[in-house]
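Q: Mind having a look at this structure? Questions to follow.
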Amino acid sequence: MDLDAVRTFVAAADAGRFQDAADALSVTQQAVSKRIASLEKIVGVRLFTRTPRGATLTIDGQAFLPHARDLLRAEERALASVRPGRRALRVDVIGRRLAPAGLLRDFHRAHPAVELDVVTLFDADAAAGALRSGTIDASFRAVTMPGRQLPDDVVATRVHDEPVQLLTGPGHPLAAARAVTPTELVGHRIWMPGIVPGTEWAAYYADLAAAFGLTIEITGPDFGTEPLLDTIADSRSLATFVGEGTRLVWPADHGLRRIPLHDPTPVYPHSLIWHRDNPHPTLAALRDHLRAAYADAPGATATWTPSWA
C-alpha cells in the first residue's frame with residue numbers, strides 16, 4: 001500500500017478539504033486528488049464524498065481511518081528502529097544467558113527510560129564488521145585475540161572480569177570441593193563441545209589449558225546447553241567450565257555443582273567495543289555506567305587472563 005496516499009488520506013480526513021490537506025503536505029490539490037483516487041482504487045471503495053464545502057468521509061472512509069493512522073504509526077516505528085540518534089541502542093551480548101546480557105540488564109535497571117535492542121552475533125569479526133557498518137552500536141567481546149587487532153576505528157575498553165567456574169555432576173571426584181585450583185584439574189577431562197575454533201573464546205580456553213596443563217576436549221557435536229548439562233550430571237569423569245555470570249537452569253535431580261576456581265582465579269576479560277564515530281546519544285551513558293561498575297567491582301586476590309587480554 002502506498003503510504004504517501006495513506007498519509008494524504010489522513011491529512012484530508014483531518015482537514016476536511018483537499019486544498020487544506022495539500023497546503024499541509026506542501027503539494028498541489030491535484031496531487032491530493034490523484035493520491036486519494038489511487039488509494040480508493042486499491043481498497044475498492046469510495047473513501048470521501050466530495051461536496052461544495054469540501055470532502056467528508058464515507059462510512060467506508062470512517063472505518064478505514066483508524067487503520068490508516070495505525071499504518072502511519074507503524075511506519076514511524078519502523079523508521080525509528082533504524083534511524084541513528086532516534087532508534088534504540090543496539091548492543092550485541094554474544095549470548096542472552098551469558099554475563100554481558102546481565103551487565104546490560106543492570107544498565108537498563110539504572111536507566112529504565114533507555115530503549116535497548118539486544119542482538120547476538122557469532123564472533124569478534126562479525127561484531128567488528130557490524131560496528132563499522134553501523135548495524136550495531138556496541139558489542140561485548142574478549143579482545144584482542146592473538147595475532148589479530150581490532151580495526152583502527154573500533155575502540156575497546158575492559159568492563160568486566162568474569163570468574164570461570166568448574167561445573168560437575170554429583171558423582172565427579174571434585175563434586176564435594178568448596179573450591180579448586182587450576183592445577184588440581186590436571187588429569188581431569190574438561191568437556192566443552194561449544195568451543196568453535198577461531199573464536200575469541202576458543203583462544204581464551206586454549207591459553208587457559210596451556211597455562212595450567214589442562215585437558216579441554218571439544219570433540220562431539222554441540223547439541224546446546226541442556227544436553228551438555230544432562231551429560232555432565234550423569235558423568236563421573238567429565239566436567240565443564242562456565243562463567244560465574246552464566247545463567248543456567250537444570251532439574252533438581254541433576255545435582256550439578258558450580259565450584260569456584262582460585263589461586264589463581266581464571267577470569268574471562270569482557271570488553272565493550274564500539275565505533276569511534278558512533279553518534280548514538282545513549283552510547284556514552286552505557287560506557288560511563290560500565291566503567292563505574294568495573295571500578296567498584298571487588299577483584300579476586302589472584303587472577304589469570306591470557307597475555308593478549
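Identifiers in this document derive from the order of the C-alpha cells: chains are assigned A, B, ..., residues are numbered from 1 separately in each chain, and ligands are numbered from 1 in order of occurrence.
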Please provide as number ranges by chain all residues within 10 Å of A:Glu184, with the sequence filter that same-chain residues fewer than 6 positions apart are discarded (counting only C-alpha atoms).

A: A: 174, 212, 214, 261

Q: Please list as a list in words every residue within 10 Å of A:Thr183, counting only C-alpha atoms and excluding residues in the same chain fewer than 3 positions away.

A: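 The contact residues come out as Val180, Val186, Gly187, Ala211, Phe212, Gly213, Leu214, Leu261, His262, Asp263 and Pro264 of chain A.
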
Q: Which of stretch 38-225 of chain A end up as strand (DSSP E) when DSSP is run on this backbone - answer as an MDAnalysis selection string?

A: chainID A and resid 48:51 54:57 89:92 116:119 138:141 154:168 189:191 215:217

Q: How would you write, as a VMD selection string, the set of residues in stretch 123-265 of chain A that DSSP gives as alpha helix (DSSP H)?

A: chain A and resid 124 to 133 200 to 212 225 to 234

Q: Which residues come within 9 Å of stretch 265-270 of chain A, counting only C-alpha atoms, excluding same-chain residues fewer than 5 positions away, as a VMD selection string?

A: chain A and resid 99 to 100 140 to 143 157 to 165 181 to 182 201 204 208 243 260 300 to 306 309

Q: Filtering to N, CA, C and O atoms, could you give me those residues as a compact mmCIF listing (two decimals), in the first residue's frame?

A:
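Saved as part22.txt:
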```
# COMPACT_ATOMS: atom_id res chain seq x y z
N ALA A 99 27.18 -13.50 30.78
CA ALA A 99 27.40 -12.35 31.65
C ALA A 99 27.12 -11.00 30.99
O ALA A 99 26.54 -10.12 31.63
N PRO A 100 27.52 -10.76 29.71
CA PRO A 100 27.24 -9.46 29.12
C PRO A 100 25.75 -9.09 29.11
O PRO A 100 25.41 -7.92 29.26
N PHE A 140 29.94 -6.68 23.38
CA PHE A 140 30.80 -7.20 24.45
C PHE A 140 31.65 -8.32 23.88
O PHE A 140 31.12 -9.31 23.37
N ARG A 141 32.98 -8.18 23.99
CA ARG A 141 33.89 -9.17 23.43
C ARG A 141 35.15 -9.27 24.27
O ARG A 141 35.48 -8.36 25.04
N ALA A 142 35.87 -10.38 24.12
CA ALA A 142 37.22 -10.51 24.67
C ALA A 142 38.19 -10.08 23.58
O ALA A 142 38.19 -10.66 22.50
N VAL A 143 38.97 -9.03 23.84
CA VAL A 143 39.88 -8.51 22.82
C VAL A 143 41.24 -8.29 23.47
O VAL A 143 41.34 -8.00 24.65
N THR A 157 37.21 -1.00 25.60
CA THR A 157 37.61 -0.75 26.97
C THR A 157 37.16 -1.93 27.83
O THR A 157 36.06 -2.44 27.66
N ARG A 158 38.02 -2.38 28.71
CA ARG A 158 37.72 -3.51 29.59
C ARG A 158 36.63 -3.11 30.57
O ARG A 158 36.74 -2.08 31.24
N VAL A 159 35.57 -3.93 30.69
CA VAL A 159 34.45 -3.55 31.55
C VAL A 159 34.07 -4.61 32.57
O VAL A 159 33.32 -4.33 33.50
N HIS A 160 34.58 -5.84 32.43
CA HIS A 160 34.16 -6.87 33.38
C HIS A 160 35.12 -8.05 33.34
O HIS A 160 35.46 -8.55 32.26
N ASP A 161 35.55 -8.48 34.52
CA ASP A 161 36.36 -9.69 34.65
C ASP A 161 35.48 -10.76 35.27
O ASP A 161 35.14 -10.67 36.46
N GLU A 162 35.13 -11.76 34.48
CA GLU A 162 34.18 -12.78 34.94
C GLU A 162 34.92 -14.03 35.40
O GLU A 162 35.58 -14.69 34.59
N PRO A 163 34.84 -14.40 36.68
CA PRO A 163 35.49 -15.62 37.14
C PRO A 163 34.94 -16.85 36.42
O PRO A 163 33.74 -16.96 36.17
N VAL A 164 35.83 -17.77 36.10
CA VAL A 164 35.46 -19.04 35.48
C VAL A 164 35.26 -20.06 36.59
O VAL A 164 36.05 -20.14 37.54
N GLN A 165 34.19 -20.85 36.49
CA GLN A 165 33.89 -21.88 37.48
C GLN A 165 33.92 -23.26 36.83
O GLN A 165 33.77 -23.40 35.62
N THR A 181 41.93 -25.36 42.73
CA THR A 181 42.90 -24.57 41.99
C THR A 181 42.98 -25.11 40.57
O THR A 181 42.67 -26.28 40.32
N PRO A 182 43.40 -24.30 39.61
CA PRO A 182 43.54 -24.80 38.24
C PRO A 182 44.47 -26.00 38.15
O PRO A 182 44.21 -26.93 37.38
N TRP A 201 36.62 -16.96 22.30
CA TRP A 201 36.51 -17.85 23.46
C TRP A 201 37.35 -19.12 23.26
O TRP A 201 37.85 -19.69 24.23
N TYR A 204 40.79 -18.06 24.28
CA TYR A 204 40.90 -17.94 25.74
C TYR A 204 41.11 -19.30 26.38
O TYR A 204 42.04 -19.49 27.19
N LEU A 208 44.21 -20.97 28.49
CA LEU A 208 43.98 -21.46 29.85
C LEU A 208 44.51 -22.89 30.00
O LEU A 208 45.19 -23.22 30.97
N GLY A 243 31.07 -19.54 32.99
CA GLY A 243 31.30 -18.25 33.60
C GLY A 243 30.42 -18.06 34.82
O GLY A 243 29.30 -18.56 34.88
N PRO A 260 33.98 -22.79 42.53
CA PRO A 260 34.89 -21.69 42.21
C PRO A 260 36.32 -22.19 42.01
O PRO A 260 36.75 -23.18 42.61
N ALA A 300 39.30 -10.41 42.63
CA ALA A 300 39.88 -11.57 43.29
C ALA A 300 41.33 -11.26 43.66
O ALA A 300 42.00 -10.44 43.02
N THR A 301 41.84 -11.93 44.71
CA THR A 301 43.20 -11.64 45.17
C THR A 301 44.25 -12.00 44.14
O THR A 301 45.26 -11.34 44.01
N ALA A 302 44.01 -13.09 43.40
CA ALA A 302 44.96 -13.50 42.36
C ALA A 302 44.17 -14.01 41.17
O ALA A 302 43.33 -14.91 41.32
N THR A 303 44.38 -13.40 40.00
CA THR A 303 43.62 -13.78 38.82
C THR A 303 44.56 -14.13 37.69
O THR A 303 45.75 -13.78 37.70
N TRP A 304 44.00 -14.82 36.70
CA TRP A 304 44.75 -15.15 35.48
C TRP A 304 43.91 -14.79 34.28
O TRP A 304 42.71 -15.05 34.22
N THR A 305 44.55 -14.14 33.32
CA THR A 305 43.96 -13.94 31.99
C THR A 305 45.07 -14.16 30.97
O THR A 305 46.26 -14.08 31.32
N PRO A 306 44.73 -14.43 29.72
CA PRO A 306 45.78 -14.57 28.70
C PRO A 306 46.57 -13.28 28.55
O PRO A 306 46.07 -12.20 28.81
N ALA A 309 45.05 -10.44 26.56
CA ALA A 309 43.90 -9.68 27.08
C ALA A 309 44.36 -8.40 27.77
O ALA A 309 43.54 -7.58 28.11
```

Q: To one decimal place in Å, what is the distance between atom CA of A:Leu47 and atom CA of A:Arg69?

A: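 A separation of 14.5 Å between them.
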
Q: Find the spatial neighbours of stretch 217-230 of chain A, counting only C-alpha atoms, within a cut-off of 10 Å - ignore same-chain residues fewer than 3 positions away - and output them as a list in words.

A: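 So the residues in contact are Leu167, Thr168, Gly169, Arg189, Ile190, Trp191, Met192, Pro193, Gly194, Ile195, Val196, Pro197, Ala202, Leu214, Ala233, Asp234, Ser235, Leu238, Ala239, Thr240, Leu248, Val249, Trp250, Pro251, His254 and Leu256 of chain A.
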
Q: Atom CA of A:Ala179 and atom CA of A:Ile259, how far apart in Å?

A: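 Result for atom CA of A:Ile259 versus atom CA of A:Ala179: 5.5 Å, one decimal.
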
Q: Measuring atom to atom with only C-alpha atoms, identify which of A:Phe48, A:Trp308, A:Phe18, A:Tyr205 is nearest to A:Val242.

A: A:Tyr205

Q: Excluding A:Arg87 and residues on its chain fewer than 2 positions from it, collect all residues at most 10 Å away from it, counting only C-alpha atoms, and give them as a list in words.

A: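 Listed by chain and then number, they are Arg77, Ala78, Leu79, Ala80, Ser81, Val82, Arg83, Pro84, Gly85, Leu89, Arg90, Glu115, Leu116, Asp117 and His280 of chain A.
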
Q: Can those selected residues be exported to a file as a compact mmCIF listing (two decimals), in the first residue's frame so that it contains N, CA and C atoms?

A:
```txt
# COMPACT_ATOMS: atom_id res chain seq x y z
N ARG A 77 7.45 3.86 13.61
CA ARG A 77 8.20 2.94 14.46
C ARG A 77 9.28 2.21 13.66
N ALA A 78 8.95 1.83 12.42
CA ALA A 78 9.92 1.14 11.57
C ALA A 78 11.10 2.05 11.26
N LEU A 79 10.85 3.31 10.96
CA LEU A 79 11.94 4.25 10.67
C LEU A 79 12.77 4.52 11.92
N ALA A 80 12.09 4.67 13.07
CA ALA A 80 12.81 4.94 14.31
C ALA A 80 13.72 3.79 14.71
N SER A 81 13.35 2.57 14.31
CA SER A 81 14.14 1.40 14.70
C SER A 81 15.50 1.36 14.02
N VAL A 82 15.68 2.11 12.95
CA VAL A 82 16.95 2.09 12.22
C VAL A 82 17.55 3.48 12.04
N ARG A 83 16.95 4.50 12.60
CA ARG A 83 17.41 5.86 12.39
C ARG A 83 18.40 6.23 13.49
N PRO A 84 19.70 6.43 13.18
CA PRO A 84 20.68 6.76 14.22
C PRO A 84 20.25 7.99 15.01
N GLY A 85 20.43 7.92 16.33
CA GLY A 85 20.05 9.03 17.18
C GLY A 85 18.63 8.94 17.65
N LEU A 89 19.27 1.80 21.31
CA LEU A 89 20.68 1.45 21.30
C LEU A 89 20.78 -0.05 21.04
N ARG A 90 21.50 -0.42 19.99
CA ARG A 90 21.57 -1.83 19.58
C ARG A 90 22.92 -2.41 20.05
N GLU A 115 15.89 2.90 25.67
CA GLU A 115 15.44 1.81 24.82
C GLU A 115 16.64 1.02 24.32
N LEU A 116 16.56 -0.31 24.45
CA LEU A 116 17.65 -1.18 24.04
C LEU A 116 17.14 -2.20 23.03
N ASP A 117 17.98 -2.51 22.08
CA ASP A 117 17.72 -3.56 21.11
C ASP A 117 18.88 -4.56 21.25
N HIS A 280 25.34 7.72 18.52
CA HIS A 280 24.15 7.43 19.32
C HIS A 280 24.26 8.07 20.70
```

Q: Between atom CA of A:Gly54 and atom CA of A:Leu3, measure the distance and give it in Å to one decimal.

A: 22.7 Å

Q: Hey, which of A:Leu283, A:Ala63, A:Ala21, A:Ile273 ends up closest to A:Ala124? Count only C-alpha atoms.

A: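 Smallest separation from A:Ala124 among the options: A:Ile273.
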
Q: Do you know which residues are at most 8 Å from A:His275 counting only C-alpha atoms, after dropping those on the same chain fewer than 2 positions away, and could you put them as a list of chain:residue names?

A: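 Once the nearby chain positions are removed, what remains is A:Leu131, A:Arg132, A:Asp137, A:Ala138, A:Asp153, A:Val154, A:Val155, A:Ile273, A:Asp277, A:Asn278.
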
Q: Would you mind exporting the chosen residues as a PDB file, in the first residue's frame, restricted to N, CA, C and O atoms?

A:
```pdb
ATOM      1  N   LEU A 131      29.817  -3.192  13.713  1.00  0.00           N
ATOM      2  CA  LEU A 131      30.087  -1.867  14.279  1.00  0.00           C
ATOM      3  C   LEU A 131      30.504  -0.887  13.189  1.00  0.00           C
ATOM      4  O   LEU A 131      30.054   0.265  13.164  1.00  0.00           O
ATOM      5  N   ARG A 132      31.355  -1.323  12.289  1.00  0.00           N
ATOM      6  CA  ARG A 132      31.857  -0.432  11.239  1.00  0.00           C
ATOM      7  C   ARG A 132      30.772  -0.064  10.236  1.00  0.00           C
ATOM      8  O   ARG A 132      30.789   1.030   9.661  1.00  0.00           O
ATOM      9  N   ASP A 137      25.578  -0.769  17.694  1.00  0.00           N
ATOM     10  CA  ASP A 137      26.260   0.364  18.324  1.00  0.00           C
ATOM     11  C   ASP A 137      27.390  -0.076  19.243  1.00  0.00           C
ATOM     12  O   ASP A 137      28.342   0.679  19.453  1.00  0.00           O
ATOM     13  N   ALA A 138      27.279  -1.268  19.821  1.00  0.00           N
ATOM     14  CA  ALA A 138      28.299  -1.731  20.752  1.00  0.00           C
ATOM     15  C   ALA A 138      28.229  -3.245  20.846  1.00  0.00           C
ATOM     16  O   ALA A 138      27.224  -3.865  20.493  1.00  0.00           O
ATOM     17  N   ASP A 153      39.353   2.118  13.674  1.00  0.00           N
ATOM     18  CA  ASP A 153      38.199   2.941  14.009  1.00  0.00           C
ATOM     19  C   ASP A 153      37.264   2.270  15.013  1.00  0.00           C
ATOM     20  O   ASP A 153      36.172   2.780  15.298  1.00  0.00           O
ATOM     21  N   VAL A 154      37.665   1.129  15.557  1.00  0.00           N
ATOM     22  CA  VAL A 154      36.879   0.438  16.585  1.00  0.00           C
ATOM     23  C   VAL A 154      37.625   0.543  17.907  1.00  0.00           C
ATOM     24  O   VAL A 154      38.813   0.216  17.996  1.00  0.00           O
ATOM     25  N   VAL A 155      36.937   1.011  18.944  1.00  0.00           N
ATOM     26  CA  VAL A 155      37.536   1.278  20.248  1.00  0.00           C
ATOM     27  C   VAL A 155      37.061   0.224  21.244  1.00  0.00           C
ATOM     28  O   VAL A 155      35.926  -0.259  21.159  1.00  0.00           O
ATOM     29  N   ILE A 273      33.127  -2.832  23.000  1.00  0.00           N
ATOM     30  CA  ILE A 273      33.744  -2.261  21.803  1.00  0.00           C
ATOM     31  C   ILE A 273      32.695  -1.477  21.032  1.00  0.00           C
ATOM     32  O   ILE A 273      31.510  -1.821  21.033  1.00  0.00           O
ATOM     33  N   ASP A 277      33.270   6.761  15.728  1.00  0.00           N
ATOM     34  CA  ASP A 277      32.431   7.877  15.284  1.00  0.00           C
ATOM     35  C   ASP A 277      30.941   7.632  15.514  1.00  0.00           C
ATOM     36  O   ASP A 277      30.103   8.333  14.945  1.00  0.00           O
ATOM     37  N   ASN A 278      30.595   6.640  16.328  1.00  0.00           N
ATOM     38  CA  ASN A 278      29.174   6.354  16.557  1.00  0.00           C
ATOM     39  C   ASN A 278      28.508   7.535  17.271  1.00  0.00           C
ATOM     40  O   ASN A 278      28.952   7.947  18.345  1.00  0.00           O
TER      41      ASN A 278
END
```
